[in-house]
>>> print(open('protein04.txt').read())   # compact mmCIF, C-alpha atoms
# COMPACT_ATOMS: atom_id res chain seq x y z
CA MET T 1 -31.09 88.58 54.41
CA SER T 2 -31.80 85.07 55.67
CA THR T 3 -29.01 82.81 56.83
CA THR T 4 -28.92 79.03 56.84
CA PRO T 5 -28.75 77.74 60.41
CA PRO T 6 -25.59 75.79 61.17
CA THR T 7 -25.78 72.01 60.96
CA PRO T 8 -26.09 70.64 64.47
CA PRO T 9 -23.29 68.35 65.60
CA PRO T 10 -24.08 64.63 65.47
CA ALA T 11 -25.67 63.25 68.61
CA GLN T 12 -23.20 61.64 70.95
CA THR T 13 -23.68 57.90 70.98
CA SER T 14 -23.53 55.45 73.84
CA TYR T 15 -22.44 51.84 74.11
CA TRP T 16 -26.04 50.60 74.40
CA ASN T 17 -27.16 52.58 71.36
CA TYR T 18 -24.17 51.59 69.23
CA ILE T 19 -24.54 47.87 70.04
CA ARG T 20 -28.37 48.07 70.09
CA VAL T 21 -28.37 46.32 73.44
CA GLU T 22 -32.05 46.74 74.29
CA GLU T 23 -33.21 45.34 70.94
CA LEU T 24 -30.74 42.48 71.24
CA LEU T 25 -31.89 41.52 74.73
CA ALA T 26 -35.53 41.52 73.61
CA LEU T 27 -35.01 38.64 71.13
CA GLN T 28 -35.00 35.66 73.49
CA GLY T 29 -38.75 35.23 73.98
CA GLY T 30 -39.07 32.11 71.82
CA ILE T 31 -42.40 31.13 70.27
CA GLU T 32 -44.25 32.82 73.14
CA GLN T 33 -42.30 36.06 72.54
CA ASP T 34 -42.08 36.36 76.31
CA GLU T 35 -39.04 34.95 78.03
CA GLU T 36 -40.77 35.18 81.39
CA GLN T 37 -42.75 32.14 80.26
CA LEU T 38 -39.58 30.19 79.45
CA SER T 39 -37.27 28.12 81.61
CA ASP T 40 -33.62 29.12 82.04
CA ASP T 41 -32.72 26.06 79.95
CA GLU T 42 -34.81 27.19 76.99
CA VAL T 43 -33.44 30.73 77.13
CA LEU T 44 -29.92 29.27 77.19
CA PHE T 45 -30.74 27.17 74.12
CA ILE T 46 -32.06 30.20 72.25
CA VAL T 47 -29.18 32.49 73.23
CA VAL T 48 -26.45 30.06 72.19
CA HIS T 49 -28.03 29.47 68.79
CA GLN T 50 -28.45 33.20 68.25
CA VAL T 51 -24.76 33.61 69.03
CA TYR T 52 -23.96 30.90 66.47
CA GLU T 53 -25.87 32.80 63.80
CA LEU T 54 -23.93 35.97 64.63
CA TRP T 55 -20.64 34.07 64.33
CA PHE T 56 -21.85 32.66 61.00
CA LYS T 57 -22.59 36.20 59.82
CA LEU T 58 -18.98 37.22 60.48
CA ALA T 59 -17.61 34.08 58.82
CA LEU T 60 -19.75 34.65 55.73
CA ARG T 61 -18.51 38.22 55.34
CA GLU T 62 -14.90 37.08 55.53
CA LEU T 63 -15.42 34.19 53.12
CA ARG T 64 -16.97 36.51 50.55
CA SER T 65 -14.20 39.06 51.02
CA LEU T 66 -11.61 36.33 50.58
CA ARG T 67 -13.32 35.05 47.44
CA ASP T 68 -13.55 38.56 45.98
CA LEU T 69 -9.84 39.16 46.62
CA LEU T 70 -8.96 36.05 44.63
CA VAL T 71 -11.34 36.58 41.70
CA GLU T 72 -9.08 39.16 40.06
CA PRO T 73 -5.32 38.74 39.61
CA LEU T 74 -4.06 39.13 43.16
CA ALA T 75 -1.21 41.56 43.76
CA GLU T 76 1.54 40.10 45.95
CA GLU T 77 0.96 42.69 48.66
CA ARG T 78 -2.71 41.64 48.96
CA VAL T 79 -2.04 37.94 49.63
CA SER T 80 -1.54 38.75 53.30
CA ASP T 81 -5.07 40.23 53.35
CA ALA T 82 -6.43 36.93 52.03
CA VAL T 83 -4.50 35.03 54.70
CA HIS T 84 -5.92 37.34 57.35
CA SER T 85 -9.51 36.67 56.23
CA ALA T 86 -9.02 32.89 56.17
CA ARG T 87 -7.43 32.92 59.62
CA ARG T 88 -10.28 35.03 61.01
CA VAL T 89 -12.83 32.43 59.83
CA SER T 90 -10.80 29.76 61.63
CA SER T 91 -10.86 31.86 64.80
CA VAL T 92 -14.63 32.24 64.54
CA PHE T 93 -15.14 28.48 64.30
CA ARG T 94 -12.76 27.78 67.18
CA ARG T 95 -14.86 30.06 69.37
CA ALA T 96 -18.09 28.53 68.08
CA VAL T 97 -16.85 25.06 69.04
CA ASP T 98 -16.34 26.28 72.62
CA HIS T 99 -20.04 27.13 72.86
CA PHE T 100 -21.08 23.49 72.61
CA GLU T 101 -19.85 23.12 76.17
CA VAL T 102 -22.55 25.56 77.26
CA VAL T 103 -25.25 23.57 75.44
CA GLU T 104 -23.98 20.39 77.10
CA SER T 105 -24.88 21.88 80.45
CA LEU T 106 -28.48 21.02 79.50
CA ARG T 107 -29.65 17.87 81.23
CA THR T 108 -31.46 15.54 78.87
CA ASN T 109 -34.77 15.57 80.73
CA ALA T 110 -34.66 19.38 81.02
CA TYR T 111 -34.15 19.74 77.26
CA LEU T 112 -36.95 17.28 76.56
CA ASN T 113 -39.31 19.57 78.48
CA PHE T 114 -39.26 22.04 75.57
CA ARG T 115 -37.82 20.05 72.65
CA ASP T 116 -41.19 19.21 71.08
CA LYS T 117 -41.85 22.94 70.70
CA LEU T 118 -39.06 23.06 68.12
CA SER T 119 -40.56 20.52 65.74
CA PRO T 120 -40.40 20.66 62.74
CA ALA T 121 -37.62 23.24 63.10
CA SER T 122 -34.07 21.92 62.80
CA GLY T 123 -30.47 23.08 62.78
CA PHE T 124 -30.19 22.09 59.13
CA GLN T 125 -32.50 25.05 58.45
CA SER T 126 -29.63 27.41 59.27
CA ALA T 127 -29.52 29.33 56.00
CA GLN T 128 -26.20 30.93 56.88
CA MET T 129 -24.52 27.54 57.29
CA ARG T 130 -25.88 26.52 53.88
CA GLU T 131 -24.66 29.86 52.47
CA MET T 132 -21.15 29.21 53.80
CA GLU T 133 -21.10 25.78 52.20
CA LEU T 134 -22.17 27.28 48.88
CA VAL T 135 -19.71 30.18 49.02
CA LEU T 136 -16.93 27.70 49.81
CA GLY T 137 -17.91 25.50 46.87
CA LEU T 138 -19.55 22.38 48.34
CA ARG T 139 -21.20 20.55 45.44
CA ASP T 140 -24.76 19.25 45.55
CA GLU T 141 -23.55 15.76 44.63
CA ASP T 142 -21.35 15.71 47.73
CA ARG T 143 -24.20 16.52 50.10
CA VAL T 144 -25.39 13.95 52.61
CA ASP T 145 -28.99 12.76 52.49
CA MET T 146 -30.64 14.22 55.59
CA GLY T 147 -32.93 11.20 55.84
CA ALA T 148 -35.91 13.52 56.12
CA GLY T 149 -37.48 12.86 52.72
CA PHE T 150 -36.41 16.17 51.11
CA ASN T 151 -33.22 17.98 50.10
CA TYR T 152 -31.54 20.89 51.83
CA ARG T 153 -33.29 23.53 49.71
CA GLU T 154 -36.73 22.08 50.38
CA ALA T 155 -35.85 22.06 54.09
CA LEU T 156 -35.57 25.85 53.92
CA ARG T 157 -39.15 26.35 52.76
CA SER T 158 -41.81 27.34 55.26
CA HIS T 159 -43.70 24.37 56.67
CA ASP T 160 -46.58 25.01 54.26
CA GLY T 161 -44.17 24.82 51.31
CA SER T 162 -44.05 28.55 50.63
CA GLU T 163 -40.94 30.65 50.07
CA SER T 164 -39.01 31.81 53.12
CA PRO T 165 -36.26 34.35 53.90
CA ALA T 166 -33.93 31.40 54.54
CA LEU T 167 -34.56 29.94 51.08
CA ALA T 168 -34.13 33.37 49.49
CA ARG T 169 -30.71 33.69 51.13
CA VAL T 170 -29.58 30.35 49.78
CA GLU T 171 -30.97 30.97 46.29
CA GLN T 172 -28.99 34.22 46.21
CA ALA T 173 -25.85 32.38 47.33
CA LEU T 174 -26.36 29.84 44.53
CA ASP T 175 -26.20 32.71 42.04
CA GLY T 176 -23.10 34.16 43.69
CA ARG T 177 -20.49 32.60 41.47
CA PRO T 178 -17.62 32.01 41.47
CA THR T 179 -17.24 30.00 44.63
CA LEU T 180 -14.19 30.38 46.84
CA LEU T 181 -12.91 27.03 45.53
CA GLU T 182 -13.24 28.24 41.94
CA ALA T 183 -11.46 31.49 42.82
CA VAL T 184 -8.63 29.61 44.57
CA ASP T 185 -8.27 27.26 41.59
CA GLU T 186 -8.08 30.21 39.21
CA TRP T 187 -5.44 31.87 41.41
CA LEU T 188 -3.42 28.64 41.53
CA TYR T 189 -3.75 28.17 37.77
CA ARG T 190 -2.02 31.52 37.25
CA THR T 191 1.00 30.45 39.35
CA PRO T 192 4.26 30.64 37.35
CA ILE T 193 5.80 27.16 37.18
CA GLY T 194 9.42 27.12 36.08
CA GLY T 195 9.00 30.88 35.95
CA ALA T 196 6.34 30.56 33.22
CA GLY T 197 2.68 31.45 33.60
CA PRO T 198 -0.06 29.58 31.71
CA GLY T 199 -0.07 32.09 28.87
CA ASP T 200 3.68 32.04 28.28
CA ALA T 201 5.20 30.37 25.23
CA LYS T 202 7.01 27.62 27.15
CA ALA T 203 4.37 27.09 29.84
CA ASP T 204 3.59 23.47 28.95
CA GLU T 205 7.27 22.58 28.62
CA ALA T 206 8.05 24.10 32.04
CA LEU T 207 5.06 22.32 33.63
CA ASP T 208 6.08 18.93 32.22
CA ALA T 209 9.65 19.44 33.39
CA PHE T 210 8.57 20.32 36.94
CA ILE T 211 6.23 17.34 37.19
CA ALA T 212 8.90 14.97 35.86
CA ARG T 213 11.55 16.20 38.29
CA TYR T 214 9.21 16.23 41.27
CA SER T 215 7.83 12.77 40.45
CA GLN T 216 11.34 11.36 40.29
CA ALA T 217 12.31 12.97 43.59
CA HIS T 218 9.13 11.60 45.15
CA ALA T 219 9.81 8.11 43.79
CA ASP T 220 13.36 8.25 45.21
CA GLU T 221 11.98 9.21 48.62
CA VAL T 222 9.41 6.41 48.54
CA GLU T 223 12.15 3.94 47.61
CA ARG T 224 14.26 5.23 50.49
CA SER T 225 11.37 4.74 52.93
CA GLY T 226 10.73 1.32 51.45
CA ARG T 227 14.30 0.20 52.06
CA THR T 228 14.09 1.38 55.66
CA MET T 229 10.84 -0.51 56.25
CA ALA T 230 12.10 -3.63 54.50
CA GLY T 231 15.00 -3.73 56.92
CA VAL T 232 12.65 -4.03 59.90
CA ALA T 233 10.01 -6.27 58.28
CA ARG T 234 9.13 -9.47 60.11
CA ASP T 235 9.49 -11.83 57.15
CA ASP T 236 9.29 -12.11 53.35
CA THR T 237 5.49 -11.90 53.39
CA ASP T 238 5.66 -8.68 55.36
CA ARG T 239 8.30 -7.28 52.98
CA ALA T 240 6.16 -8.13 49.95
CA ARG T 241 3.13 -6.43 51.49
CA LEU T 242 5.14 -3.29 52.24
CA ALA T 243 6.64 -3.25 48.75
CA LYS T 244 3.15 -3.17 47.22
CA ARG T 245 2.17 -0.30 49.47
CA PHE T 246 5.19 1.77 48.47
CA GLU T 247 4.60 1.00 44.79
CA ALA T 248 1.06 2.27 45.25
CA GLU T 249 2.41 5.52 46.71
CA VAL T 250 4.43 6.19 43.55
CA LYS T 251 1.45 5.37 41.35
CA ALA T 252 -0.80 7.60 43.46
CA LEU T 253 1.24 10.68 42.55
CA ALA T 254 1.08 9.80 38.85
CA ASP T 255 -2.68 9.38 39.18
CA PHE T 256 -2.91 12.68 41.05
CA PHE T 257 -1.45 14.44 38.03
CA GLU T 258 -2.91 12.41 35.20
CA ALA T 259 -5.99 10.38 36.15
CA SER T 260 -8.47 13.22 35.87
CA GLY T 261 -7.52 13.84 32.23
CA ASP T 262 -7.97 17.52 33.03
CA VAL T 263 -5.06 19.60 31.73
CA ARG T 264 -6.14 22.58 33.81
CA ARG T 265 -6.38 20.49 37.00
CA ARG T 266 -2.91 19.10 36.29
CA ARG T 267 -1.43 22.59 36.36
CA ILE T 268 -3.37 23.55 39.52
CA ARG T 269 -2.11 20.47 41.37
CA ALA T 270 1.45 21.10 40.25
CA ALA T 271 1.14 24.68 41.50
CA ILE T 272 0.08 23.44 44.94
CA LEU T 273 3.09 21.13 45.18
CA LEU T 274 5.38 23.92 44.00
CA ILE T 275 4.05 26.33 46.63
CA VAL T 276 4.02 23.97 49.61
CA GLY T 277 7.25 22.19 48.64
CA PHE T 278 9.30 25.33 48.11
CA SER T 279 7.67 27.69 50.61
CA ASP T 280 11.04 28.98 51.83
CA ARG T 281 11.39 30.92 48.55
CA ALA T 282 10.39 34.54 48.99
CA LEU T 283 7.84 34.59 46.16
CA LEU T 284 6.08 31.49 47.53
CA ALA T 285 6.04 32.23 51.26
CA TRP T 286 2.76 34.15 51.37
CA PRO T 287 1.00 31.87 48.84
CA ASN T 288 1.96 28.94 51.08
CA ALA T 289 0.60 30.80 54.11
CA LEU T 290 -2.71 31.19 52.25
CA LEU T 291 -2.92 27.48 51.38
CA GLU T 292 -2.16 26.57 55.00
CA ALA T 293 -4.82 29.03 56.18
CA LEU T 294 -7.39 27.44 53.85
CA VAL T 295 -6.59 23.97 55.21
CA GLU T 296 -6.87 25.31 58.76
CA LEU T 297 -10.21 26.94 57.90
CA GLU T 298 -11.65 23.70 56.57
CA GLN T 299 -10.21 21.73 59.47
CA GLN T 300 -11.94 24.01 61.96
CA MET T 301 -15.24 23.55 60.14
CA VAL T 302 -14.79 19.76 60.25
CA ILE T 303 -14.04 19.98 63.99
CA PHE T 304 -17.16 22.12 64.44
CA ARG T 305 -19.29 19.44 62.75
CA GLN T 306 -17.68 16.65 64.78
CA ARG T 307 -18.16 18.56 68.04
CA HIS T 308 -21.77 19.32 67.10
CA ALA T 309 -22.47 15.62 66.62
CA ARG T 310 -20.95 14.69 69.98
CA MET T 311 -22.91 17.45 71.73
CA VAL T 312 -26.18 16.22 70.23
CA GLU T 313 -25.39 12.61 71.12
CA ARG T 314 -24.55 13.59 74.69
CA VAL T 315 -27.75 15.61 75.21
CA ILE T 316 -30.35 13.53 73.33
CA GLY T 317 -28.61 10.36 72.17
CA ARG T 318 -29.58 9.02 68.74
CA ARG T 319 -33.15 10.22 68.56
CA THR T 320 -34.70 11.27 65.28
CA GLY T 321 -34.00 14.97 64.68
CA THR T 322 -36.73 17.54 65.28
CA GLY T 323 -36.83 18.16 61.52
CA GLY T 324 -37.17 14.46 60.76
CA SER T 325 -33.50 13.83 59.96
CA SER T 326 -31.47 10.85 61.16
CA GLY T 327 -29.97 13.10 63.85
CA VAL T 328 -26.47 12.18 64.97
CA ASP T 329 -25.94 9.84 61.99
CA TYR T 330 -26.54 12.75 59.61
CA LEU T 331 -24.16 15.02 61.54
CA ASP T 332 -21.43 12.37 61.61
CA GLN T 333 -21.70 11.89 57.86
CA THR T 334 -21.38 15.61 57.15
CA ALA T 335 -18.26 15.77 59.34
CA ALA T 336 -16.72 12.87 57.41
CA LYS T 337 -17.71 13.91 53.89
CA TYR T 338 -17.99 17.69 53.63
CA ARG T 339 -14.63 18.73 52.21
CA VAL T 340 -14.06 21.40 49.58
CA PHE T 341 -10.28 21.86 49.32
CA ARG T 342 -9.57 18.21 48.58
CA ASP T 343 -6.40 18.85 46.57
CA LEU T 344 -4.88 20.86 49.42
CA TRP T 345 -5.36 17.86 51.71
CA ALA T 346 -4.18 15.35 49.10
CA VAL T 347 -0.75 16.96 48.62
CA ARG T 348 0.16 16.04 52.21
CA THR T 349 0.60 12.50 50.93
CA PHE T 350 3.03 13.60 48.22
CA GLN T 351 5.26 16.08 50.03
CA ILE T 352 8.90 15.14 50.54
CA ARG T 353 11.82 16.31 52.66
CA ALA T 354 13.14 19.74 51.71
CA GLU T 355 16.64 18.37 51.17
CA ALA T 356 15.25 15.78 48.75
CA ALA T 357 13.35 18.29 46.63
CA PRO T 358 14.48 18.73 43.01
CA GLU T 359 16.14 21.89 41.78
CA LEU T 360 13.79 24.55 40.53
CA GLU T 361 14.07 25.76 36.98
CA ARG T 362 14.77 29.52 37.02
CA GLU T 363 15.40 29.36 40.76
CA ALA T 364 16.13 33.11 40.96
CA PHE T 365 12.60 33.89 39.79
CA TYR T 366 11.22 32.73 43.15
CA GLY T 367 13.65 34.72 45.28
CA PHE T 368 13.66 38.35 46.32
CA GLN T 369 13.25 40.52 43.25
CA SER T 370 15.67 43.44 42.91
CA SER T 371 14.36 46.63 41.39
>>> encode(input="protein04.txt", output="C-alpha cells")
Amino acid sequence: MSTTPPTPPPAQTSYWNYIRVEELLALQGGIEQDEEQLSDDEVLFIVVHQVYELWFKLALRELRSLRDLLVEPLAEERVSDAVHSARRVSSVFRRAVDHFEVVESLRTNAYLNFRDKLSPASGFQSAQMREMELVLGLRDEDRVDMGAGFNYREALRSHDGSESPALARVEQALDGRPTLLEAVDEWLYRTPIGGAGPGDAKADEALDAFIARYSQAHADEVERSGRTMAGVARDDTDRARLAKRFEAEVKALADFFEASGDVRRRRIRAAILLIVGFSDRALLAWPNALLEALVELEQQMVIFRQRHARMVERVIGRRTGTGGSSGVDYLDQTAAKYRVFRDLWAVRTFQIRAEAAPELEREAFYGFQSS
C-alpha cells in the first residue's frame, strides 16, 4: 500500500528574501541600467524618487480603503478605522516632505550634469500621483494647465503617442467610482439632523429648523464681533468699512446654504456644521475626528506640493520643466488650486463659540445611547 509523503514544512524565510533586498538594490541603474556609470548625485535622484513612488503606493492603498469603508452605510464602530486610514495618509506625506531636504543637497551644476538625460520625462508623469488625485475626487475642470501643450492624460502616453502602463493605471482609476469625495458626501448626507435622517418623515422640517437656529446664532456672534471692532475703530470711515465686512460674513453663511440651489448639498453642508460644531456629543465625536483627519490629509498634500515647488526653485530656479511644463509656476498653481474637500475648509469661516451654539433638537439623540 502506497502512502502519500508528508508535506514538507515551508522554507524558513530571511529578511533579505522577505523584503526582496537584492532585487530592490538592483533598480538604481538609470537609463544605462548600470549604476557604476552614474554619479552619486544621479543615484541619489533616482533613489529618492523611487522612495516617493513607494510612499504613493501606500497612500493609494489607504485612500481606496477609506473610500470603500464610506461607500456603504458605515457602522459607528468602523468610523475609527476610517480615521486611522486618513491619518496614515497624512503621516506618509509628512515623511515624503522630509525627503525634499535630501534632493536639495544636489548642487545646481551637479544636477545639470545629468538633467538633460531625463527629457522629456517629468514628475507630472507620476501615474500614482494622478491616481491619488482621481481617487480623492479632483475634477478635470479644476486641473492646472501644465503649459506643455497637452493635458495630464496625454502626458502619460509614451513619447511616440502609444499607450503606456502609466496611462493604463490612470484610465483604471477614472473608472473607479465613486471617488472619496463622493463617498464622504454620501456619508454626510445620511447624517441625522435634529435626530432625523434624510429618509425620515420630518427630515426637511428638522433640517430647516437647524439651519435657521444656527444661522441666527452665527449672526448674533458676528454682531458681537462687530460691536467689539467698532469700539476700537479709528473713525467713522473705518467703522463703516468694518460694518460692511461683518454684513458680508452673515450673507456668506446664507449663500453657503442656499446659493448652489442644490438641496442635497444644503443637507451635506448642514451636516458638516452639526458635526464640527457639536463634536463634544458622543455620537458626533468620531465623525468629527474623521472630518478633521480629512482636512489634515489634504493640508499635508498641499504642503507637499508647496515644498516640492520650493525644492525645484532652489535646485534649478525657474527653468522650463524637462517635460516642457512651466516648471515652478505650474507647481505653485497646483499647490494653490488643488483642493477637494472645499466644504470642510469653508466651515471654518462659519464656526462659532461652543457657548454661543444653539440648542440641538432631540439633544439626547446625540448622547450616549443606553441599551
>>> atom_distance(input="protein04.txt", atom1="CA of Ala282 (chain T)", atom2="CA of Thr191 (chain T)")
14.1 Å
>>> closest_residue(input="protein04.txt", among="T:Ala270, T:Met129, T:Leu106, T:Val232", to="Ala254 (chain T)", atoms="all atoms listed in the file")
T:Ala270
>>> closest_residue(input="protein04.txt", among="T:Ala217, T:Ala209, T:Leu284, T:Ala336", to="Leu253 (chain T)", atoms="all atoms listed in the file")
T:Ala217
>>> residues_around(input="protein04.txt", residues="Glu359 (chain T)", least_positions_apart="2", cutoff="9 Å", atoms="only C-alpha atoms", output="CSV table (one decimal) with C-alpha atoms, in the coordinates of the input")
chain,number,residue,atom,x,y,z
T,213,ARG,CA,11.6,16.2,38.3
T,214,TYR,CA,9.2,16.2,41.3
T,357,ALA,CA,13.4,18.3,46.6
T,361,GLU,CA,14.1,25.8,37.0
T,363,GLU,CA,15.4,29.4,40.8
>>> residues_near_point(input="protein04.txt", point="(-1.2, 36.0, 39.9)", cutoff="8 Å", atoms="only C-alpha atoms", output="ChimeraX atom specification")
/T:73-76,187-188,190-191
>>> write_last_selection(input="protein04.txt", atoms="C-alpha atoms", output="short mmCIF file (atom, residue, chain, number, x, y, z; two decimals), keeping the file's coordinate frame")
data_model
loop_
_atom_site.label_atom_id
_atom_site.label_comp_id
_atom_site.auth_asym_id
_atom_site.auth_seq_id
_atom_site.Cartn_x
_atom_site.Cartn_y
_atom_site.Cartn_z
CA PRO T 73 -5.32 38.74 39.61
CA LEU T 74 -4.06 39.13 43.16
CA ALA T 75 -1.21 41.56 43.76
CA GLU T 76 1.54 40.10 45.95
CA TRP T 187 -5.44 31.87 41.41
CA LEU T 188 -3.42 28.64 41.53
CA ARG T 190 -2.02 31.52 37.25
CA THR T 191 1.00 30.45 39.35
#
>>> residues_around(input="protein04.txt", residues="Arg339 (chain T)", least_positions_apart="5", cutoff="12 Å", atoms="all atoms listed in the file", output="ChimeraX atom specification")
/T:133-134,136-139,142-144,181,294-295,297-303,305,333-334,344-346
>>> residues_around(input="protein04.txt", residues="Ser85 (chain T)", least_positions_apart="2", cutoff="9 Å", atoms="all atoms listed in the file", output="ChimeraX atom specification")
/T:59,62-63,65-66,80-83,87-90,293
>>> residues_around(input="protein04.txt", residues="region 313-326 of chain T", least_positions_apart="2", cutoff="8 Å", atoms="all atoms listed in the file", output="list of chain:residue names")
T:Glu104, T:Leu106, T:Arg107, T:Thr108, T:Tyr111, T:Arg115, T:Asp116, T:Leu118, T:Ser119, T:Pro120, T:Ala121, T:Ser122, T:Met146, T:Gly147, T:Ala148, T:Ala309, T:Arg310, T:Met311, T:Val328, T:Asp329, T:Tyr330
>>> closest_residue(input="protein04.txt", among="T:Gly277, T:Pro6, T:Gly231, T:Gly367", to="Glu355 (chain T)", atoms="all atoms listed in the file")
T:Gly277
>>> residues_around(input="protein04.txt", residues="Arg265 (chain T)", least_positions_apart="3", cutoff="12 Å", atoms="only C-alpha atoms", output="count of residues only")
20
>>> atom_distance(input="protein04.txt", atom1="CA of Thr349 (chain T)", atom2="CA of Gln216 (chain T)")
15.2 Å
>>> closest_residue(input="protein04.txt", among="T:Leu242, T:Ala356, T:Val97, T:Val347", to="Leu291 (chain T)", atoms="all atoms listed in the file")
T:Val347
>>> closest_residue(input="protein04.txt", among="T:Ala364, T:Ile352, T:Val312, T:Val170", to="Ser215 (chain T)", atoms="all atoms listed in the file")
T:Ile352
>>> decode(input="protein04.txt", residues="region 284-302 of chain T", atoms="N, CA and C atoms", output="PDB file, in the first residue's frame")
ATOM      1  N   LEU T 284     -21.224  62.305  17.830  1.00  0.00           N
ATOM      2  CA  LEU T 284     -20.565  63.111  16.802  1.00  0.00           C
ATOM      3  C   LEU T 284     -19.048  63.181  16.966  1.00  0.00           C
ATOM      4  N   ALA T 285     -18.523  62.615  18.046  1.00  0.00           N
ATOM      5  CA  ALA T 285     -17.090  62.740  18.320  1.00  0.00           C
ATOM      6  C   ALA T 285     -16.236  62.067  17.246  1.00  0.00           C
ATOM      7  N   TRP T 286     -16.530  60.821  16.903  1.00  0.00           N
ATOM      8  CA  TRP T 286     -15.743  60.145  15.882  1.00  0.00           C
ATOM      9  C   TRP T 286     -15.988  60.716  14.486  1.00  0.00           C
ATOM     10  N   PRO T 287     -17.239  61.031  14.109  1.00  0.00           N
ATOM     11  CA  PRO T 287     -17.417  61.715  12.821  1.00  0.00           C
ATOM     12  C   PRO T 287     -16.608  63.007  12.724  1.00  0.00           C
ATOM     13  N   ASN T 288     -16.531  63.768  13.803  1.00  0.00           N
ATOM     14  CA  ASN T 288     -15.716  64.983  13.787  1.00  0.00           C
ATOM     15  C   ASN T 288     -14.237  64.637  13.613  1.00  0.00           C
ATOM     16  N   ALA T 289     -13.787  63.577  14.280  1.00  0.00           N
ATOM     17  CA  ALA T 289     -12.394  63.157  14.130  1.00  0.00           C
ATOM     18  C   ALA T 289     -12.097  62.801  12.677  1.00  0.00           C
ATOM     19  N   LEU T 290     -13.066  62.200  11.990  1.00  0.00           N
ATOM     20  CA  LEU T 290     -12.857  61.855  10.580  1.00  0.00           C
ATOM     21  C   LEU T 290     -12.772  63.115   9.718  1.00  0.00           C
ATOM     22  N   LEU T 291     -13.653  64.083   9.943  1.00  0.00           N
ATOM     23  CA  LEU T 291     -13.597  65.320   9.158  1.00  0.00           C
ATOM     24  C   LEU T 291     -12.277  66.050   9.397  1.00  0.00           C
ATOM     25  N   GLU T 292     -11.817  66.080  10.646  1.00  0.00           N
ATOM     26  CA  GLU T 292     -10.533  66.721  10.947  1.00  0.00           C
ATOM     27  C   GLU T 292      -9.386  65.964  10.267  1.00  0.00           C
ATOM     28  N   ALA T 293      -9.478  64.635  10.229  1.00  0.00           N
ATOM     29  CA  ALA T 293      -8.428  63.842   9.599  1.00  0.00           C
ATOM     30  C   ALA T 293      -8.394  64.075   8.090  1.00  0.00           C
ATOM     31  N   LEU T 294      -9.558  64.295   7.477  1.00  0.00           N
ATOM     32  CA  LEU T 294      -9.608  64.585   6.040  1.00  0.00           C
ATOM     33  C   LEU T 294      -9.001  65.952   5.736  1.00  0.00           C
ATOM     34  N   VAL T 295      -9.276  66.932   6.593  1.00  0.00           N
ATOM     35  CA  VAL T 295      -8.667  68.252   6.407  1.00  0.00           C
ATOM     36  C   VAL T 295      -7.154  68.159   6.563  1.00  0.00           C
ATOM     37  N   GLU T 296      -6.702  67.415   7.569  1.00  0.00           N
ATOM     38  CA  GLU T 296      -5.268  67.229   7.789  1.00  0.00           C
ATOM     39  C   GLU T 296      -4.623  66.549   6.589  1.00  0.00           C
ATOM     40  N   LEU T 297      -5.299  65.526   6.048  1.00  0.00           N
ATOM     41  CA  LEU T 297      -4.791  64.810   4.876  1.00  0.00           C
ATOM     42  C   LEU T 297      -4.583  65.779   3.712  1.00  0.00           C
ATOM     43  N   GLU T 298      -5.609  66.569   3.425  1.00  0.00           N
ATOM     44  CA  GLU T 298      -5.486  67.500   2.299  1.00  0.00           C
ATOM     45  C   GLU T 298      -4.448  68.575   2.580  1.00  0.00           C
ATOM     46  N   GLN T 299      -4.371  69.020   3.816  1.00  0.00           N
ATOM     47  CA  GLN T 299      -3.355  70.015   4.176  1.00  0.00           C
ATOM     48  C   GLN T 299      -1.952  69.472   3.935  1.00  0.00           C
ATOM     49  N   GLN T 300      -1.712  68.221   4.303  1.00  0.00           N
ATOM     50  CA  GLN T 300      -0.389  67.642   4.098  1.00  0.00           C
ATOM     51  C   GLN T 300      -0.056  67.507   2.614  1.00  0.00           C
ATOM     52  N   MET T 301      -1.068  67.240   1.790  1.00  0.00           N
ATOM     53  CA  MET T 301      -0.823  67.169   0.354  1.00  0.00           C
ATOM     54  C   MET T 301      -0.511  68.550  -0.221  1.00  0.00           C
ATOM     55  N   VAL T 302      -1.192  69.581   0.296  1.00  0.00           N
ATOM     56  CA  VAL T 302      -0.895  70.957  -0.132  1.00  0.00           C
ATOM     57  C   VAL T 302       0.538  71.327   0.266  1.00  0.00           C
TER      58      VAL T 302
END
